[in-house]
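Note: the block below is run-v9.tsv and it holds TSV, C-alpha atoms and all ligand atoms.
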chain	number	residue	atom	x	y	z
A	20	MET	CA	1.40	-24.22	74.92
A	21	ASN	CA	1.15	-22.81	71.50
A	22	CYS	CA	1.65	-19.13	71.15
A	23	LEU	CA	-1.09	-17.33	69.16
A	24	HIS	CA	1.26	-14.61	68.09
A	25	PRO	CA	4.63	-16.20	67.64
A	26	ARG	CA	7.41	-13.77	68.08
A	27	VAL	CA	9.22	-13.23	64.89
A	28	SER	CA	12.82	-12.34	65.36
A	29	ARG	CA	14.31	-9.30	63.66
A	30	SER	CA	16.76	-11.45	61.79
A	31	ARG	CA	13.91	-13.53	60.38
A	32	ILE	CA	12.18	-10.38	59.02
A	33	VAL	CA	15.39	-9.43	57.30
A	34	ARG	CA	15.66	-12.93	55.86
A	35	LEU	CA	12.08	-12.70	54.58
A	36	LEU	CA	12.36	-9.20	53.13
A	37	THR	CA	15.73	-9.48	51.43
A	38	PRO	CA	14.56	-11.75	48.58
A	39	LEU	CA	11.48	-9.55	48.16
A	40	ALA	CA	13.58	-6.42	47.80
A	41	PHE	CA	15.74	-8.28	45.32
A	42	VAL	CA	12.69	-9.13	43.26
A	43	ILE	CA	11.50	-5.50	43.33
A	44	VAL	CA	14.90	-4.30	42.10
A	45	LEU	CA	14.77	-6.92	39.36
A	46	VAL	CA	11.33	-5.80	38.23
A	47	LEU	CA	12.39	-2.15	38.14
A	48	THR	CA	15.55	-2.98	36.23
A	49	ALA	CA	13.65	-5.13	33.79
A	50	SER	CA	11.17	-2.34	33.07
A	51	LEU	CA	13.81	0.29	32.27
A	52	PRO	CA	15.02	-0.96	28.87
A	53	THR	CA	11.41	-1.31	27.70
A	54	LYS	CA	10.71	2.36	28.38
A	55	LEU	CA	13.91	3.44	26.69
A	56	SER	CA	13.17	1.48	23.54
A	57	GLU	CA	9.63	2.88	23.39
A	58	LYS	CA	11.13	6.34	23.37
A	59	VAL	CA	13.34	5.45	20.43
A	60	ILE	CA	10.31	4.24	18.48
A	61	ASP	CA	8.45	7.47	19.22
A	62	LEU	CA	11.30	9.52	17.83
A	63	GLY	CA	11.27	7.40	14.71
A	64	ILE	CA	7.62	8.14	14.11
A	65	LYS	CA	8.21	11.86	14.50
A	66	THR	CA	10.71	11.85	11.65
A	67	GLN	CA	8.17	10.22	9.35
A	68	ALA	CA	6.34	12.11	6.73
A	69	ASN	CA	3.18	13.94	6.67
A	70	SER	CA	0.81	13.11	6.97
A	71	THR	CA	-2.53	12.32	6.37
A	72	TYR	CA	-3.08	9.45	4.04
A	73	CYS	CA	-6.19	10.40	2.08
A	74	ASP	CA	-8.75	7.68	2.51
A	75	LEU	CA	-9.83	6.55	-0.93
A	76	ALA	CA	-12.89	4.88	0.61
A	77	SER	CA	-14.41	8.13	1.82
A	78	SER	CA	-13.78	10.20	-1.28
A	79	SER	CA	-11.75	10.35	-4.39
A	80	MET	CA	-8.70	12.51	-3.89
A	81	SER	CA	-7.91	15.42	-6.15
A	82	PHE	CA	-5.21	18.06	-6.23
A	83	GLY	CA	-4.39	20.87	-8.57
A	84	VAL	CA	-3.58	24.53	-8.83
A	85	SER	CA	-6.39	26.88	-9.86
A	86	LEU	CA	-7.63	30.28	-8.81
A	87	ALA	CA	-9.75	28.49	-6.23
A	88	THR	CA	-6.76	26.72	-4.67
A	89	ALA	CA	-4.32	29.66	-4.75
A	90	GLY	CA	-4.71	30.01	-0.98
A	91	GLN	CA	-3.66	26.48	-0.15
A	92	ILE	CA	0.01	27.30	-0.53
A	93	THR	CA	0.78	30.78	0.79
A	94	SER	CA	4.35	30.61	2.10
A	95	ASN	CA	7.54	29.00	0.89
A	96	ASP	CA	8.19	25.34	1.68
A	97	ASN	CA	4.86	24.96	3.47
A	98	TRP	CA	2.55	22.19	2.33
A	99	SER	CA	0.65	21.96	5.61
A	100	ASN	CA	-2.61	23.23	4.09
A	101	VAL	CA	-2.52	20.73	1.26
A	102	PRO	CA	-3.79	17.44	2.65
A	103	CYS	CA	-1.98	14.31	1.57
A	104	VAL	CA	0.48	16.05	-0.76
A	105	GLU	CA	4.09	17.13	-0.21
A	106	GLY	CA	6.85	18.41	-2.45
A	107	TYR	CA	10.56	17.71	-1.99
A	108	PHE	CA	13.65	19.26	-3.56
A	109	GLY	CA	15.41	15.96	-4.31
A	110	GLN	CA	18.75	17.39	-3.23
A	111	ASN	CA	21.63	15.73	-5.12
A	112	LEU	CA	19.65	12.62	-6.04
A	113	THR	CA	21.63	12.49	-9.28
A	114	ALA	CA	25.35	13.05	-9.89
A	115	THR	CA	24.96	14.67	-13.29
A	116	HIS	CA	22.40	16.01	-15.77
A	117	GLY	CA	20.31	13.78	-18.01
A	118	VAL	CA	19.81	10.88	-15.59
A	119	ASP	CA	16.56	9.03	-16.32
A	120	PRO	CA	14.22	9.68	-13.34
A	121	GLN	CA	12.84	6.15	-13.74
A	122	THR	CA	16.14	4.96	-12.26
A	123	VAL	CA	16.08	7.32	-9.28
A	124	LEU	CA	14.19	5.37	-6.63
A	125	GLY	CA	15.38	6.68	-3.26
A	126	THR	CA	14.92	9.95	-1.42
A	127	GLU	CA	17.56	12.33	-0.07
A	128	PHE	CA	16.63	11.41	3.52
A	129	ALA	CA	17.80	8.67	5.87
A	130	ASN	CA	16.19	5.28	5.21
A	131	ASN	CA	14.40	6.87	2.26
A	132	GLN	CA	11.85	8.34	4.63
A	133	LEU	CA	9.96	11.53	3.90
A	134	PRO	CA	10.09	13.93	6.85
A	135	ASN	CA	7.59	16.73	7.40
A	136	THR	CA	10.45	19.17	6.89
A	137	PRO	CA	12.21	20.21	4.86
A	138	THR	CA	9.55	20.19	2.23
A	139	ASN	CA	9.99	22.41	-0.78
A	140	VAL	CA	7.85	24.86	-2.75
A	141	SER	CA	8.20	28.46	-3.86
A	142	ALA	CA	4.79	29.99	-3.19
A	143	ASN	CA	2.64	32.36	-5.20
A	144	LYS	CA	4.61	32.56	-8.41
A	145	GLY	CA	3.47	33.98	-11.76
A	146	ASN	CA	5.48	33.64	-14.97
A	147	PRO	CA	7.60	30.45	-14.90
A	148	SER	CA	10.16	31.62	-17.44
A	149	ALA	CA	10.95	34.61	-15.22
A	150	PHE	CA	11.79	32.42	-12.22
A	151	ASN	CA	14.68	30.00	-12.03
A	152	ALA	CA	15.09	28.75	-8.48
A	153	GLY	CA	14.76	25.05	-9.29
A	154	GLY	CA	12.82	22.61	-7.15
A	155	LEU	CA	9.05	23.06	-6.89
A	156	ALA	CA	6.98	26.20	-7.33
A	157	GLU	CA	3.31	27.03	-7.05
A	158	PHE	CA	2.32	29.05	-10.10
A	159	ASP	CA	-1.05	30.43	-9.02
A	160	SER	CA	-1.35	33.42	-11.34
A	161	GLY	CA	-0.55	34.07	-14.98
A	162	THR	CA	-1.23	31.96	-18.04
A	163	TYR	CA	-0.27	28.51	-16.78
A	164	LEU	CA	-1.40	27.48	-13.33
A	165	ALA	CA	0.29	24.37	-11.91
A	166	ILE	CA	2.79	22.99	-9.49
A	167	GLY	CA	6.04	23.42	-11.38
A	168	LEU	CA	9.03	21.08	-11.24
A	169	GLN	CA	12.41	22.35	-12.39
A	170	GLY	CA	15.59	20.34	-12.02
A	171	ASN	CA	19.00	21.93	-11.72
A	172	VAL	CA	22.48	20.89	-10.66
A	173	GLN	CA	21.13	20.17	-7.16
A	174	ALA	CA	17.39	19.74	-7.61
A	175	ASN	CA	15.58	16.58	-8.70
A	176	PRO	CA	12.17	17.67	-7.50
A	177	TYR	CA	9.24	15.41	-6.79
A	178	LEU	CA	5.65	15.52	-5.60
A	179	VAL	CA	4.36	12.84	-3.26
A	180	PHE	CA	0.73	11.80	-2.80
A	181	TYR	CA	-0.25	9.89	0.33
A	182	LEU	CA	-3.12	7.44	-0.10
A	183	ASN	CA	-4.98	5.06	2.17
A	184	ALA	CA	-6.24	2.30	-0.13
A	185	THR	CA	-7.72	0.10	2.58
A	186	GLY	CA	-10.54	-1.91	1.05
A	187	ARG	CA	-9.91	-0.36	-2.37
A	188	GLY	CA	-8.77	-1.74	-5.69
A	189	GLN	CA	-8.34	-0.51	-9.26
A	190	VAL	CA	-6.73	2.66	-7.90
A	191	THR	CA	-6.61	4.98	-10.89
A	192	MET	CA	-4.56	8.14	-11.15
A	193	ASN	CA	-5.25	10.95	-13.60
A	194	TYR	CA	-2.87	13.84	-14.06
A	195	THR	CA	-1.63	16.38	-16.53
A	196	VAL	CA	2.01	17.04	-17.40
A	197	GLN	CA	2.42	20.33	-19.21
A	198	ASP	CA	5.16	22.56	-20.54
A	199	ILE	CA	4.44	25.76	-18.61
A	200	ASP	CA	7.71	27.43	-19.59
A	201	GLY	CA	7.55	29.73	-22.62
A	202	GLY	CA	11.12	30.97	-22.16
A	203	SER	CA	14.16	30.15	-24.29
A	204	ASN	CA	15.30	27.15	-22.19
A	205	ASN	CA	15.22	23.93	-24.16
A	206	SER	CA	15.69	20.80	-22.11
A	207	VAL	CA	14.80	17.13	-22.45
A	208	SER	CA	12.33	17.11	-19.56
A	209	MET	CA	11.84	13.53	-18.38
A	210	VAL	CA	9.08	12.79	-15.88
A	211	ALA	CA	8.58	9.47	-14.08
A	212	LEU	CA	5.78	8.06	-11.97
A	213	GLN	CA	6.62	5.84	-9.02
A	214	TYR	CA	4.95	4.30	-6.00
A	215	ARG	CA	5.74	2.39	-2.86
A	216	VAL	CA	3.79	0.65	-0.14
A	217	GLY	CA	4.86	1.85	3.29
A	218	THR	CA	7.10	4.70	4.34
A	219	THR	CA	10.62	3.38	3.75
A	220	GLY	CA	12.53	1.55	1.05
A	221	ASN	CA	12.87	2.33	-2.62
A	222	PHE	CA	10.07	3.56	-4.80
A	223	ILE	CA	9.07	1.36	-7.72
A	224	ASN	CA	8.88	2.83	-11.19
A	225	ILE	CA	5.63	2.61	-13.15
A	226	PRO	CA	6.75	2.51	-16.81
A	227	GLU	CA	3.32	3.61	-18.15
A	228	GLY	CA	3.74	6.91	-16.30
A	229	PHE	CA	6.95	7.91	-18.06
A	230	VAL	CA	7.08	11.04	-20.18
A	231	ALA	CA	10.27	11.16	-22.27
A	232	ASP	CA	10.18	14.92	-22.83
A	233	ALA	CA	7.39	17.06	-21.43
A	234	THR	CA	8.64	20.34	-22.88
A	235	VAL	CA	9.30	22.20	-26.12
A	236	GLY	CA	11.96	24.88	-26.19
A	237	GLY	CA	10.86	28.48	-26.67
A	238	VAL	CA	7.12	27.86	-26.24
A	239	ALA	CA	4.73	26.61	-23.56
A	240	GLY	CA	1.55	24.58	-23.74
A	241	ALA	CA	2.53	21.03	-24.76
A	242	THR	CA	0.31	18.79	-22.69
A	243	VAL	CA	0.27	15.09	-21.82
A	244	ASN	CA	-2.74	13.64	-20.01
A	245	LYS	CA	-2.11	10.44	-18.12
A	246	THR	CA	-4.51	7.83	-16.79
A	247	ILE	CA	-2.67	5.14	-14.88
A	248	VAL	CA	-4.10	2.20	-12.98
A	249	LEU	CA	-1.70	1.69	-10.09
A	250	PRO	CA	-0.24	-1.80	-9.65
A	251	ALA	CA	-2.39	-4.22	-7.66
A	252	ALA	CA	0.29	-4.18	-4.96
A	253	VAL	CA	-1.28	-0.96	-3.63
A	254	ASN	CA	-4.71	-2.53	-3.27
A	255	ASN	CA	-5.98	-2.68	0.30
A	256	GLN	CA	-2.82	-0.97	1.62
A	257	PRO	CA	-3.21	1.79	4.23
A	258	ASN	CA	0.08	3.57	3.40
A	259	VAL	CA	0.58	4.09	-0.30
A	260	GLN	CA	2.93	6.77	-1.59
A	261	VAL	CA	2.87	7.85	-5.22
A	262	ARG	CA	5.35	10.30	-6.59
A	263	ILE	CA	5.96	12.27	-9.76
A	264	ILE	CA	9.66	13.01	-10.19
A	265	THR	CA	11.94	14.77	-12.62
A	266	THR	CA	15.72	15.11	-12.62
A	267	ASN	CA	18.29	17.66	-13.71
A	268	ALA	CA	17.58	17.67	-17.44
A	269	ALA	CA	20.13	17.69	-20.24
A	270	ASN	CA	19.85	19.22	-23.69
A	271	SER	CA	19.11	17.04	-26.72
A	272	SER	CA	22.82	16.29	-27.15
A	273	GLY	CA	23.11	15.13	-23.55
A	274	GLY	CA	24.91	18.29	-22.47
A	275	SER	CA	24.27	20.58	-19.54
A	276	THR	CA	21.45	23.09	-19.92
A	277	PRO	CA	19.02	25.05	-17.75
A	278	ASP	CA	15.75	23.12	-17.26
A	279	GLU	CA	12.33	24.18	-18.43
A	280	TRP	CA	9.53	24.24	-15.87
A	281	ILE	CA	7.30	21.17	-16.00
A	282	GLY	CA	3.76	21.76	-14.75
A	283	ILE	CA	1.80	19.10	-12.89
A	284	ASN	CA	-1.93	19.64	-12.52
A	285	ASN	CA	-5.38	18.05	-12.34
A	286	VAL	CA	-4.19	15.15	-10.24
A	287	SER	CA	-6.96	12.85	-9.10
A	288	PHE	CA	-7.27	9.36	-7.72
A	289	SER	CA	-10.32	7.18	-7.96
A	290	SER	CA	-10.82	3.58	-6.90
A	291	SER	CA	-13.41	0.91	-6.48
A	292	VAL	CA	-14.44	-1.37	-3.67
A	293	LEU	CA	-12.04	-4.26	-3.57
A	294	ALA	CA	-13.99	-7.37	-4.48
A	295	PRO	CA	-13.18	-10.18	-2.07
A	296	THR	CA	-11.11	-12.72	-3.91
A	297	ALA	CA	-12.78	-16.11	-3.86
A	298	ALA	CA	-10.17	-18.26	-2.25
A	299	ASN	CA	-9.94	-21.90	-3.07
A	300	VAL	CA	-10.51	-24.23	-0.16
A	301	SER	CA	-10.61	-27.91	0.69
A	302	VAL	CA	-13.82	-29.81	1.29
A	303	GLY	CA	-13.58	-33.17	2.98
A	304	GLY	CA	-15.31	-35.60	5.27
A	305	ARG	CA	-16.04	-39.27	5.82
A	306	VAL	CA	-18.40	-41.83	4.37
A	307	MET	CA	-19.67	-44.34	6.95
A	308	ASN	CA	-22.08	-47.25	7.15
A	309	GLU	CA	-24.88	-47.45	9.71
A	310	GLN	CA	-22.47	-48.71	12.35
A	311	GLY	CA	-20.10	-45.80	11.87
A	312	TYR	CA	-17.40	-47.77	10.05
A	313	GLY	CA	-15.69	-46.09	7.13
A	314	VAL	CA	-16.76	-47.15	3.66
A	315	GLY	CA	-13.78	-47.39	1.34
A	316	ARG	CA	-13.75	-46.83	-2.42
A	317	ALA	CA	-17.09	-45.05	-2.43
A	318	VAL	CA	-17.39	-42.48	-5.25
A	319	VAL	CA	-18.04	-38.94	-4.00
A	320	SER	CA	-19.24	-36.46	-6.63
A	321	MET	CA	-19.43	-32.72	-6.21
A	322	PHE	CA	-21.69	-30.78	-8.60
A	323	ASP	CA	-21.51	-27.04	-8.96
A	324	MET	CA	-24.47	-24.98	-10.14
A	325	GLU	CA	-22.96	-24.48	-13.59
A	326	GLY	CA	-23.07	-28.18	-14.37
A	327	GLY	CA	-19.47	-28.96	-13.48
A	328	VAL	CA	-18.70	-32.12	-11.56
A	329	ARG	CA	-15.65	-33.54	-9.83
A	330	THR	CA	-15.31	-36.96	-8.27
A	331	VAL	CA	-12.98	-38.55	-5.74
A	332	ARG	CA	-12.96	-41.96	-4.08
A	333	THR	CA	-12.86	-42.50	-0.34
A	334	ASN	CA	-9.78	-44.15	1.10
A	335	GLN	CA	-9.92	-47.45	3.00
A	336	PHE	CA	-11.10	-45.61	6.15
A	337	GLY	CA	-13.89	-43.82	4.31
A	338	TYR	CA	-12.25	-40.38	4.17
A	339	PHE	CA	-12.39	-38.16	1.09
A	340	ARG	CA	-11.18	-34.71	0.20
A	341	PHE	CA	-11.64	-32.24	-2.65
A	342	THR	CA	-8.91	-29.61	-3.00
A	343	ASP	CA	-9.01	-26.29	-4.85
A	344	VAL	CA	-12.73	-25.79	-4.43
A	345	PRO	CA	-13.79	-22.19	-5.23
A	346	ALA	CA	-15.33	-20.70	-2.10
A	347	GLY	CA	-18.48	-18.59	-1.99
A	348	ARG	CA	-20.52	-21.09	-3.99
A	349	THR	CA	-23.09	-23.82	-3.45
A	350	TYR	CA	-22.53	-27.45	-4.34
A	351	VAL	CA	-24.46	-30.71	-4.35
A	352	VAL	CA	-22.46	-33.68	-3.07
A	353	GLU	CA	-23.48	-37.26	-3.77
A	354	VAL	CA	-22.00	-40.57	-2.68
A	355	ALA	CA	-22.31	-43.76	-4.73
A	356	SER	CA	-21.50	-47.16	-3.26
A	357	LYS	CA	-22.34	-50.70	-4.29
A	358	GLN	CA	-23.51	-51.70	-0.81
A	359	TYR	CA	-25.05	-48.58	0.69
A	360	HIS	CA	-27.37	-45.75	-0.10
A	361	PHE	CA	-26.46	-42.19	0.98
A	362	PRO	CA	-28.71	-39.11	0.87
A	363	SER	CA	-27.10	-36.29	-1.14
A	364	GLN	CA	-26.24	-33.01	0.58
A	365	ILE	CA	-26.41	-29.40	-0.55
A	366	ILE	CA	-23.61	-27.32	0.92
A	367	ALA	CA	-22.60	-23.66	0.81
A	368	VAL	CA	-18.81	-23.54	0.80
A	369	ASN	CA	-17.40	-20.39	2.35
A	370	ASP	CA	-14.37	-21.80	4.09
A	371	GLU	CA	-12.39	-24.97	4.60
A	372	LEU	CA	-14.78	-27.82	5.34
A	373	TRP	CA	-13.57	-30.99	7.04
A	374	ASP	CA	-16.69	-32.65	8.41
A	375	LEU	CA	-18.87	-33.27	5.41
A	376	ASN	CA	-19.94	-36.69	6.65
A	377	PHE	CA	-22.25	-39.21	5.01
A	378	VAL	CA	-23.92	-42.02	6.94
A	379	ALA	CA	-25.57	-44.86	5.04
A	380	GLN	CA	-29.34	-44.76	5.08
A	381	THR	CA	-30.98	-47.92	6.32
A	382	THR	CA	-33.59	-49.12	3.91
A	383	PHE	CA	-36.30	-51.60	4.77
A	384	PHE	CA	-35.79	-53.73	1.69
A	385	ARG	CA	-32.16	-54.32	2.52
A	386	LYS	CA	-33.02	-55.86	5.86
A	401	CA	CA	-0.57	30.47	-3.45
A	402	CA	CA	8.91	25.27	-23.06
A	403	CA	CA	12.06	19.47	-24.20
A	404	CA	CA	19.73	20.94	-16.39

Would it be possible to restate this file's structure as structure tokens?
Ligand SMILES: [Ca+2]
Ligand SMILES: [Ca+2]
Ligand SMILES: [Ca+2]
Ligand SMILES: [Ca+2]
Amino acid sequence: MNCLHPRVSRSRIVRLLTPLAFVIVLVLTASLPTKLSEKVIDLGIKTQANSTYCDLASSSMSFGVSLATAGQITSNDNWSNVPCVEGYFGQNLTATHGVDPQTVLGTEFANNQLPNTPTNVSANKGNPSAFNAGGLAEFDSGTYLAIGLQGNVQANPYLVFYLNATGRGQVTMNYTVQDIDGGSNNSVSMVALQYRVGTTGNFINIPEGFVADATVGGVAGATVNKTIVLPAAVNNQPNVQVRIITTNAANSSGGSTPDEWIGINNVSFSSSVLAPTAANVSVGGRVMNEQGYGVGRAVVSMFDMEGGVRTVRTNQFGYFRFTDVPAGRTYVVEVASKQYHFPSQIIAVNDELWDLNFVAQTTFFRK
């Protein structure tokens, strides 16, 4: 007689459960490294810069120092109230004075990242020639209002702008470089403009942004206005960093000298909607007779609306293909054959097209 509830021995339960427990331990073990590595990634993100990347689609970005913006920077080394802009000291980026900033492409931080701290700025300054800390300073009162950059034996200061160029092209930067230092210092004040896509790696110099000497000894006021279209590499990129950098300046003989303050002001970025690039695609299909057999050596002609025409012949199986066809346009396609008649087709080409098929039209007089 069969037992409805077969007795299961204790040893059998153990035999059944042991592999299960083994599997559970395996699953737990397998999940541990995943969690650990996620933590590492989180820490990495925390060391990254700022910041908000100003969305060029929602507005054009502008930054400058004026009486109206004097309250944006109120304490030293604090850029937190200035969206999408940070200043850095550029500690020891150069080994000596007079190094061309166009050749200085890294940052002073690991992996060339830009952390949220330490940022650099001396807040609420007045007369530049009376202040000689080096690095960056916010001059928000007095004759010349600007963010000042002053190199020294340690400082190679730079300003970074964070831009989100998703969907944008023709990203154009306007800015003013001005001698704001009326003191006796007389340095060759080089200023470079650089950019990079992403948050690590070297910056790339933009030669058009270079200013060979922004300052004149003993007086202030010399002004250079720049309008620079950023390289197309930034187009449609969510993380674009643009920086204005100077280095520890030399005198005109290449010797060591205190640096004049270089003022940066009236920075703005504008852009336009990125026009979709018309990709070139392939258009192909098959030419067949009434029975569905391929018609070889038929002439297939493709007319665009501007009067251009291209022709190909079908292969022995009736297949044809046009390559490098500009997408986003309308074409008329005709097939000529000695034996058959084919109705022409009007097609809108937006993507690769592989099934543009022609079947011979039966005509009464041919029967
Ligand atoms: Ca201020
Ligand atoms: Ca000067
Ligand atoms: Ca100078
Ligand atoms: Ca110097």

*Distance CA of Gly315 in chain A-CA of Val300 in chain A, one decimal place?*
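According to the coordinates, CA of Gly315 in chain A and CA of Val300 in chain A are separated by 23.4 Å.
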
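Among A:Met80, A:Ala239, A:Thr88, A:Ala317, the residue with the shortest atom-to-atom distance to Thr162 in chain A, counting all atoms listed in the file, is A:Ala239.
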
*Could you name the residues that touch Val306 in chain A at 12 Å or less, counting all atoms listed in the file, but leaving out those on the same chain fewer than 6 positions away, as a PyMOL selection string?*
chain A and resi 312-319+331-340+352-356+359-363+374-380

Environment of ligand CA 402 (chain A) within 7 Å, counting all atoms listed in the file, reported as a tab-separated table (two decimals) with C-alpha atoms, in the frame of the given file:
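Output contents, as saved in pocket.tsv:
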chain	number	residue	atom	x	y	z
A	198	ASP	CA	5.16	22.56	-20.54
A	199	ILE	CA	4.44	25.76	-18.61
A	200	ASP	CA	7.71	27.43	-19.59
A	201	GLY	CA	7.55	29.73	-22.62
A	202	GLY	CA	11.12	30.97	-22.16
A	204	ASN	CA	15.30	27.15	-22.19
A	205	ASN	CA	15.22	23.93	-24.16
A	234	THR	CA	8.64	20.34	-22.88
A	235	VAL	CA	9.30	22.20	-26.12
A	236	GLY	CA	11.96	24.88	-26.19
A	237	GLY	CA	10.86	28.48	-26.67
A	238	VAL	CA	7.12	27.86	-26.24
A	239	ALA	CA	4.73	26.61	-23.56
A	279	GLU	CA	12.33	24.18	-18.43

*Computed interatomic separation between CA of Val216 in chain A and CA of Val259 in chain A (Å)*: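 Straight-line distance from CA of Val216 in chain A to CA of Val259 in chain A works out to 4.7 Å.
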
Near-ligand residues for ligand CA 401 (chain A), threshold 6 Å, all atoms listed in the file, as a PDB file with C-alpha atoms, in the coordinates of the input:
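Saved the output as part-v2.pdb:
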ATOM      1  CA  ALA A  89      -4.320  29.660  -4.750  1.00  0.00           C
ATOM      2  CA  GLY A  90      -4.710  30.010  -0.980  1.00  0.00           C
ATOM      3  CA  ILE A  92       0.010  27.300  -0.530  1.00  0.00           C
ATOM      4  CA  THR A  93       0.780  30.780   0.790  1.00  0.00           C
ATOM      5  CA  ALA A 142       4.790  29.990  -3.190  1.00  0.00           C
ATOM      6  CA  ASN A 143       2.640  32.360  -5.200  1.00  0.00           C
ATOM      7  CA  ASP A 159      -1.050  30.430  -9.020  1.00  0.00           C
TER       8      ASP A 159
END

*Select the residues contacting ligand CA 404 (chain A) at a distance of at most 10 Å, based on all atoms listed in the file, then format the selection as a list in words.*
Thr115, His116, Gly117, Gly153, Gln169, Gly170, Asn171, Val172, Gln173, Ala174, Asn175, Asn204, Asn205, Ser206, Val207, Ser208, Thr266, Asn267, Ala268, Ala269, Asn270, Gly273, Gly274, Ser275, Thr276, Pro277, Asp278 and Glu279 of chain A

Restricted to C-alpha atoms, what would the selected residues look like written as a PDB file, in the coordinates of the input?
ATOM      1  CA  THR A 115      24.960  14.670 -13.290  1.00  0.00           C
ATOM      2  CA  HIS A 116      22.400  16.010 -15.770  1.00  0.00           C
ATOM      3  CA  GLY A 117      20.310  13.780 -18.010  1.00  0.00           C
ATOM      4  CA  GLY A 153      14.760  25.050  -9.290  1.00  0.00           C
ATOM      5  CA  GLN A 169      12.410  22.350 -12.390  1.00  0.00           C
ATOM      6  CA  GLY A 170      15.590  20.340 -12.020  1.00  0.00           C
ATOM      7  CA  ASN A 171      19.000  21.930 -11.720  1.00  0.00           C
ATOM      8  CA  VAL A 172      22.480  20.890 -10.660  1.00  0.00           C
ATOM      9  CA  GLN A 173      21.130  20.170  -7.160  1.00  0.00           C
ATOM     10  CA  ALA A 174      17.390  19.740  -7.610  1.00  0.00           C
ATOM     11  CA  ASN A 175      15.580  16.580  -8.700  1.00  0.00           C
ATOM     12  CA  ASN A 204      15.300  27.150 -22.190  1.00  0.00           C
ATOM     13  CA  ASN A 205      15.220  23.930 -24.160  1.00  0.00           C
ATOM     14  CA  SER A 206      15.690  20.800 -22.110  1.00  0.00           C
ATOM     15  CA  VAL A 207      14.800  17.130 -22.450  1.00  0.00           C
ATOM     16  CA  SER A 208      12.330  17.110 -19.560  1.00  0.00           C
ATOM     17  CA  THR A 266      15.720  15.110 -12.620  1.00  0.00           C
ATOM     18  CA  ASN A 267      18.290  17.660 -13.710  1.00  0.00           C
ATOM     19  CA  ALA A 268      17.580  17.670 -17.440  1.00  0.00           C
ATOM     20  CA  ALA A 269      20.130  17.690 -20.240  1.00  0.00           C
ATOM     21  CA  ASN A 270      19.850  19.220 -23.690  1.00  0.00           C
ATOM     22  CA  GLY A 273      23.110  15.130 -23.550  1.00  0.00           C
ATOM     23  CA  GLY A 274      24.910  18.290 -22.470  1.00  0.00           C
ATOM     24  CA  SER A 275      24.270  20.580 -19.540  1.00  0.00           C
ATOM     25  CA  THR A 276      21.450  23.090 -19.920  1.00  0.00           C
ATOM     26  CA  PRO A 277      19.020  25.050 -17.750  1.00  0.00           C
ATOM     27  CA  ASP A 278      15.750  23.120 -17.260  1.00  0.00           C
ATOM     28  CA  GLU A 279      12.330  24.180 -18.430  1.00  0.00           C
TER      29      GLU A 279
END

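Atom to atom, CA of Ser320 in chain A and CA of Glu371 in chain A stand 17.5 Å apart.
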
*Have a look at A:Ala346, A:Ser203, A:Phe341, A:Ser301 and name the one nearest to ligand CA 403 (chain A); count all atoms listed in the file.*
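Using all atoms listed in the file, the shortest distance to ligand CA 403 (chain A) belongs to A:Ser203.
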
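Comparing A:Ser81, A:Ser272, A:Ser160, A:Asn95 by their smallest distance to ligand CA 403 (chain A), the closest is A:Ser272 (using all atoms listed in the file).
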
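The closest residue to Thr381 in chain A, picked from A:Cys73, A:Val196, A:Met307, A:Val248 and counting all atoms listed in the file, is A:Met307.
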
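Closest approach to Gly106 in chain A among A:Asn255, A:Thr191, A:Thr265, A:Ser79 is made by A:Thr265 (distances from only C-alpha atoms).
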
*Pick the closest to ligand CA 403 (chain A) from A:Val84, A:Val328, A:Val123, A:Ala241: which is it, counting all atoms listed in the file?*
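With all atoms listed in the file as the atom set, the closest residue is A:Ala241.
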